[in-house]
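To be precise, the following lines are target28.cif, and they hold mmCIF, C-alpha atoms.
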```cif
data_coords
#
loop_
_atom_site.label_atom_id
_atom_site.label_comp_id
_atom_site.auth_asym_id
_atom_site.auth_seq_id
_atom_site.Cartn_x
_atom_site.Cartn_y
_atom_site.Cartn_z
CA MET A 28 -4.60 -3.97 -12.98
CA SER A 29 -0.83 -3.65 -13.46
CA PHE A 30 1.64 -5.48 -11.24
CA GLU A 31 2.85 -2.18 -9.73
CA GLU A 32 -0.74 -1.16 -8.90
CA LYS A 33 -1.26 -4.48 -7.12
CA THR A 34 1.90 -4.03 -5.04
CA THR A 35 0.74 -0.50 -4.18
CA TRP A 36 -2.50 -2.00 -2.81
CA VAL A 37 -0.39 -4.46 -0.80
CA ALA A 38 1.72 -1.62 0.66
CA ALA A 39 -1.43 0.34 1.62
CA LEU A 40 -3.06 -2.67 3.28
CA VAL A 41 0.13 -3.62 5.15
CA THR A 42 0.50 -0.04 6.45
CA VAL A 43 -3.11 0.01 7.69
CA ILE A 44 -2.97 -3.45 9.29
CA VAL A 45 0.41 -2.94 11.02
CA THR A 46 -0.51 0.55 12.28
CA ILE A 47 -3.82 -0.68 13.70
CA CYS A 48 -2.09 -3.65 15.40
CA TYR A 49 0.68 -1.45 16.80
CA THR A 50 -1.66 1.24 18.17
CA SER A 51 -3.91 -1.46 19.71
CA VAL A 52 -0.93 -3.06 21.47
CA VAL A 53 0.41 0.27 22.76
CA ARG A 54 -3.03 1.48 23.87
CA GLY A 55 -3.35 -1.74 25.84
CA MET A 56 0.01 -1.08 27.49
CA MET A 57 -1.02 2.47 28.42
CA VAL A 58 -3.86 1.39 30.70
CA GLY A 59 -3.04 2.45 34.26
CA VAL A 60 0.63 3.16 33.43
CA PRO A 61 2.25 6.60 33.09
CA VAL A 62 3.30 7.14 29.44
CA ALA A 63 6.93 7.60 30.47
CA GLU A 64 6.94 3.99 31.64
CA VAL A 65 5.24 2.42 28.63
CA ALA A 66 7.67 0.02 26.94
CA TYR A 67 6.70 0.98 23.39
CA GLN A 68 10.19 0.45 21.94
CA LYS A 69 9.95 -3.26 21.17
CA PRO A 70 6.46 -3.11 19.56
CA LEU A 71 7.57 -0.07 17.54
CA LEU A 72 10.63 -1.85 16.17
CA ILE A 73 8.53 -4.94 15.43
CA ALA A 74 5.96 -2.75 13.62
CA VAL A 75 8.65 -1.15 11.44
CA GLY A 76 10.23 -4.54 10.69
CA ALA A 77 6.86 -6.16 10.03
CA THR A 78 5.92 -3.39 7.58
CA ILE A 79 9.09 -3.95 5.56
CA VAL A 80 8.92 -7.77 5.62
CA MET A 81 5.16 -7.94 4.90
CA THR A 82 5.43 -5.47 2.01
CA VAL A 83 8.25 -7.47 0.40
CA MET A 84 6.49 -10.80 1.03
CA GLY A 85 3.23 -9.31 -0.26
CA ALA A 86 4.91 -8.20 -3.48
CA ILE A 87 6.43 -11.67 -3.97
CA GLY A 88 3.07 -13.29 -3.19
CA THR A 89 1.33 -10.94 -5.63
CA ALA A 90 3.80 -11.87 -8.38
CA ILE A 91 3.37 -15.59 -7.78
CA GLY A 92 -0.41 -15.29 -7.39
CA THR A 93 -0.77 -13.24 -10.56
CA ALA A 94 1.42 -15.60 -12.56
CA ILE A 95 -0.38 -18.74 -11.37
CA GLY A 96 -3.89 -17.21 -11.47
CA SER A 97 -3.41 -15.78 -14.96
CA ALA A 98 -1.84 -18.98 -16.27
CA VAL A 99 -4.72 -21.08 -14.92
CA THR A 100 -7.32 -18.63 -16.31
CA ALA A 101 -5.57 -18.66 -19.69
CA GLU A 102 -5.50 -22.46 -19.69
CA ILE A 103 -9.18 -22.83 -18.76
CA THR A 104 -10.76 -19.99 -20.72
CA GLY A 105 -8.12 -19.51 -23.40
CA GLU A 106 -8.36 -15.78 -22.75
CA ARG A 107 -5.52 -13.87 -24.35
CA SER A 108 -5.63 -11.10 -21.71
CA ALA A 109 -4.94 -13.64 -18.96
CA GLU A 110 -1.90 -14.90 -20.89
CA ASP A 111 -0.71 -11.32 -21.36
CA ALA A 112 -1.08 -10.60 -17.63
CA VAL A 113 1.58 -13.25 -16.94
CA GLY A 114 4.01 -11.33 -19.14
CA ASP A 115 3.35 -8.11 -17.20
CA VAL A 116 4.41 -9.59 -13.84
CA GLY A 117 7.36 -7.65 -12.46
CA ARG A 118 7.45 -5.30 -15.44
CA THR A 119 7.74 -1.58 -14.59
CA ASP A 120 7.58 1.16 -17.19
CA GLN A 121 7.69 4.96 -17.46
CA ARG A 122 4.04 5.34 -16.41
CA ASP A 123 4.64 3.32 -13.23
CA LYS A 124 7.67 5.49 -12.43
CA ASP A 125 5.72 8.72 -13.08
CA ILE A 126 2.85 7.56 -10.86
CA SER A 127 5.24 6.43 -8.14
CA ARG A 128 7.04 9.79 -8.21
CA ARG A 129 3.76 11.74 -7.91
CA GLY A 130 2.48 9.54 -5.09
CA GLU A 131 5.74 9.68 -3.14
CA LEU A 132 5.81 13.47 -3.44
CA ILE A 133 2.32 13.77 -1.96
CA GLY A 134 3.25 11.31 0.81
CA TYR A 135 6.40 13.32 1.49
CA TYR A 136 4.34 16.49 2.07
CA VAL A 137 2.12 14.63 4.56
CA SER A 138 5.10 13.11 6.41
CA SER A 139 6.82 16.50 6.48
CA ALA A 140 3.76 18.14 8.03
CA GLY A 141 3.78 15.39 10.64
CA VAL A 142 7.48 15.93 11.35
CA VAL A 143 6.78 19.64 11.99
CA GLY A 144 4.26 18.49 14.60
CA VAL A 145 6.92 16.18 16.10
CA LEU A 146 9.34 19.12 16.29
CA ALA A 147 6.68 21.09 18.15
CA LEU A 148 6.25 18.21 20.61
CA ALA A 149 10.02 18.12 21.19
CA MET A 150 10.20 21.89 21.72
CA LEU A 151 7.32 21.70 24.19
CA ARG A 152 9.27 18.99 26.04
CA TYR A 153 6.69 16.25 25.63
CA ASP A 154 7.70 12.76 26.74
CA GLN A 155 9.79 10.66 24.36
CA PHE A 156 6.82 8.31 24.09
CA TRP A 157 4.74 10.96 22.30
CA ILE A 158 7.64 12.12 20.13
CA ALA A 159 8.53 8.59 18.95
CA ASN A 160 4.92 7.62 18.31
CA ALA A 161 4.05 10.86 16.55
CA LEU A 162 7.06 10.30 14.31
CA TYR A 163 6.00 6.72 13.57
CA LEU A 164 2.45 7.78 12.79
CA SER A 165 3.69 10.63 10.55
CA PHE A 166 5.64 8.18 8.43
CA ALA A 167 2.82 5.61 8.46
CA LEU A 168 0.31 8.27 7.36
CA GLY A 169 2.73 9.54 4.70
CA THR A 170 3.17 6.01 3.34
CA LEU A 171 -0.58 5.42 3.33
CA VAL A 172 -1.35 8.73 1.60
CA ALA A 173 1.37 8.02 -1.00
CA SER A 174 -0.18 4.61 -1.72
CA VAL A 175 -3.70 6.05 -1.98
CA ALA A 176 -2.46 8.85 -4.26
CA LYS A 177 -0.81 6.26 -6.53
CA ILE A 178 -3.95 4.10 -6.65
CA VAL A 179 -6.13 7.13 -7.47
CA THR A 180 -3.69 8.15 -10.21
CA TYR A 181 -3.67 4.61 -11.65
CA ARG A 182 -7.49 4.66 -11.75
CA ARG A 183 -8.09 8.22 -12.97
CA GLY A 184 -4.99 8.79 -15.07
CA PHE A 185 -3.00 11.99 -15.39
CA MET B 8 -15.64 11.78 -16.37
CA VAL B 9 -13.27 14.52 -17.55
CA LYS B 10 -10.24 13.03 -19.28
CA PRO B 11 -6.99 14.00 -17.58
CA THR B 12 -5.33 14.74 -20.92
CA ARG B 13 -6.50 16.53 -24.06
CA VAL B 14 -4.17 14.51 -26.24
CA GLU B 15 -6.17 12.23 -28.53
CA ASN B 16 -4.84 9.24 -30.43
CA SER B 17 -5.63 6.78 -33.18
CA ILE B 18 -3.77 3.82 -31.70
CA ARG B 19 -6.80 1.55 -31.68
CA ALA B 20 -7.51 2.17 -35.36
CA LEU B 21 -3.83 1.81 -36.25
CA ARG B 22 -3.62 -1.49 -34.38
CA PHE B 23 -6.51 -2.90 -36.39
CA LYS B 24 -4.97 -1.61 -39.60
CA ALA B 25 -1.72 -3.34 -38.62
CA GLY B 26 -3.20 -6.82 -38.82
CA GLU B 27 -5.28 -6.56 -35.65
CA MET B 28 -2.21 -6.12 -33.50
CA THR B 29 -3.08 -6.74 -29.85
CA GLN B 30 -2.39 -4.27 -27.05
CA ALA B 31 0.06 -6.80 -25.59
CA GLU B 32 2.00 -7.03 -28.86
CA LEU B 33 2.24 -3.24 -29.06
CA ALA B 34 3.26 -3.10 -25.38
CA ASP B 35 6.04 -5.63 -26.01
CA ARG B 36 7.37 -3.68 -28.96
CA VAL B 37 7.40 -0.40 -27.03
CA HIS B 38 8.71 -2.12 -23.86
CA VAL B 39 5.85 -0.99 -21.62
CA THR B 40 3.05 -2.83 -19.81
CA ARG B 41 -0.28 -3.61 -21.47
CA GLN B 42 -1.97 -1.39 -18.87
CA THR B 43 0.05 1.58 -20.13
CA ILE B 44 -1.14 0.98 -23.71
CA ILE B 45 -4.73 0.71 -22.42
CA ALA B 46 -4.31 3.96 -20.45
CA ILE B 47 -2.89 5.78 -23.49
CA GLU B 48 -5.67 4.51 -25.78
CA GLN B 49 -8.32 5.63 -23.30
CA GLY B 50 -6.72 9.09 -22.90
CA ARG B 51 -5.84 8.47 -19.25
CA TYR B 52 -2.11 8.91 -19.78
CA SER B 53 -0.02 11.14 -22.01
CA PRO B 54 3.11 9.25 -23.00
CA SER B 55 6.52 10.88 -23.04
CA LEU B 56 7.68 12.26 -26.38
CA GLU B 57 10.10 9.35 -26.71
CA MET B 58 7.37 6.76 -26.09
CA ALA B 59 5.11 8.56 -28.56
CA PHE B 60 7.81 8.32 -31.24
CA GLN B 61 8.34 4.63 -30.45
CA ILE B 62 4.61 3.95 -30.89
CA ALA B 63 4.55 5.85 -34.20
CA ARG B 64 7.62 3.90 -35.37
CA VAL B 65 5.89 0.57 -34.65
CA PHE B 66 3.08 1.57 -37.05
CA GLY B 67 5.49 3.19 -39.50
CA VAL B 68 3.59 6.48 -39.56
CA PRO B 69 4.45 10.07 -38.58
CA LEU B 70 3.78 11.12 -34.99
CA ASP B 71 0.81 13.33 -35.89
CA GLU B 72 -0.99 10.38 -37.43
CA VAL B 73 -0.96 8.69 -34.03
CA PHE B 74 -1.44 11.61 -31.65
CA HIS B 75 -3.57 14.73 -32.10
CA TYR B 76 -3.95 17.82 -29.98
CA PRO B 77 -7.30 19.50 -30.75
CA GLY B 78 -7.32 23.32 -30.84
CA GLU B 79 -9.66 25.60 -28.86
CA GLU B 80 -13.13 25.75 -30.33
CA SER B 81 -14.41 29.30 -30.70
#
```
Produce structure tokens that represent the structure in this file.
Amino acid sequence: MSFEEKTTWVAALVTVIVTICYTSVVRGMMVGVPVAEVAYQKPLLIAVGATIVMTVMGAIGTAIGTAIGSAVTAEITGERSAEDAVGDVGRTDQRDKDISRRGELIGYYVSSAGVVGVLALAMLRYDQFWIANALYLSFALGTLVASVAKIVTYRRGF
Amino acid sequence: MVKPTRVENSIRALRFKAGEMTQAELADRVHVTRQTIIAIEQGRYSPSLEMAFQIARVFGVPLDEVFHYPGEES
């Protein structure tokens, strides 16, 4: 598995974990409170910040983990492929860029569809709570779909 | 599984002819990852024209000795 594919897995997992945590927190806050009074702002900002920080930290951790794991495997087993995997850490080539571009395009379509829904909510004068959360979920879903599309393309080729 | 590309290649054979060159060595010389060489060899990725020329240059052969595009069978 290439380094870029591993970081794509990290991004997908972070998106899923953060979105689940955020929606759980906000659902808890909604119990017995009118949505207009739910203080979703702070958890939303934390969720956005956590996604960015965890994705970056995950990529760094993946690089370190791959380098150490491959070096240890190469030392113990003498496997050439493990040694080569160390050299691939952090390396991005044309195929990675092509896959990233395809995945991001698919994710963009999903996010855009979500944004159309957000526009509809705004036009129908829904509460800011629904508009902000629909927007967050649109981007989260777009990011997740982009990551899944990249992983599928890495596996199946194109 | 249906291969995503119809482009075929002889990279594996050419690597062995070139002193059993490893996929990693070829990857280093073309400045790509080993996974990209594996994907090309397995027909899961069609390289750009420039990358195809770089691969052919490593083996010192014309492009059509590395990559082949089979015609329609009637």
Discussion item. Counting only C-alpha atoms, which residue out of A:Ser139, A:Ser51, A:Thr119, A:Thr170 sits closest to chain B?
Written reply: A:Thr119
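Near chain B, within 7 Å and counting only C-alpha atoms, the residues of chain A are A:Met28, A:Ser29, A:Asp111, A:Asp115, A:Arg118, A:Asp120, A:Arg122, A:Arg183, A:Gly184, A:Phe185.
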Assuming 8 Å of padding per side, give the centre and edge lengths of the axis-aligned box around every listed atom of stretch 83-99 of chain A, in Å to one decimal and as AutoDock Vina command-line options.
```
--center_x 1.8 --center_y -14.3 --center_z -7.6 --size_x 29.0 --size_y 29.6 --size_z 33.3
```
Practice prompt. Determine, counting only C-alpha atoms, which protein, DNA and RNA residues have an atom within 12 Å of an atom of B:Ala20; residues of the same chain fewer than 5 positions away are not included. Present the result as a ChimeraX atom specification.
Written response: /B:25-30,48,66,72-74
Worksheet item: Any chance you could work out the residue set of the PyMOL selection byres ((chain A and resi 158) around 12) here, as a list in words?
Response: Val62, Ala63, Tyr67, Gly141, Val142, Val143, Gly144, Val145, Leu146, Ala147, Leu148, Ala149, Met150, Leu151, Arg152, Tyr153, Asp154, Gln155, Phe156, Trp157, Ala159, Asn160, Ala161, Leu162, Tyr163, Leu164 and Ser165 of chain A
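Atom CA of A:Gly88 sits 27.1 Å away from atom CA of A:Ile133.
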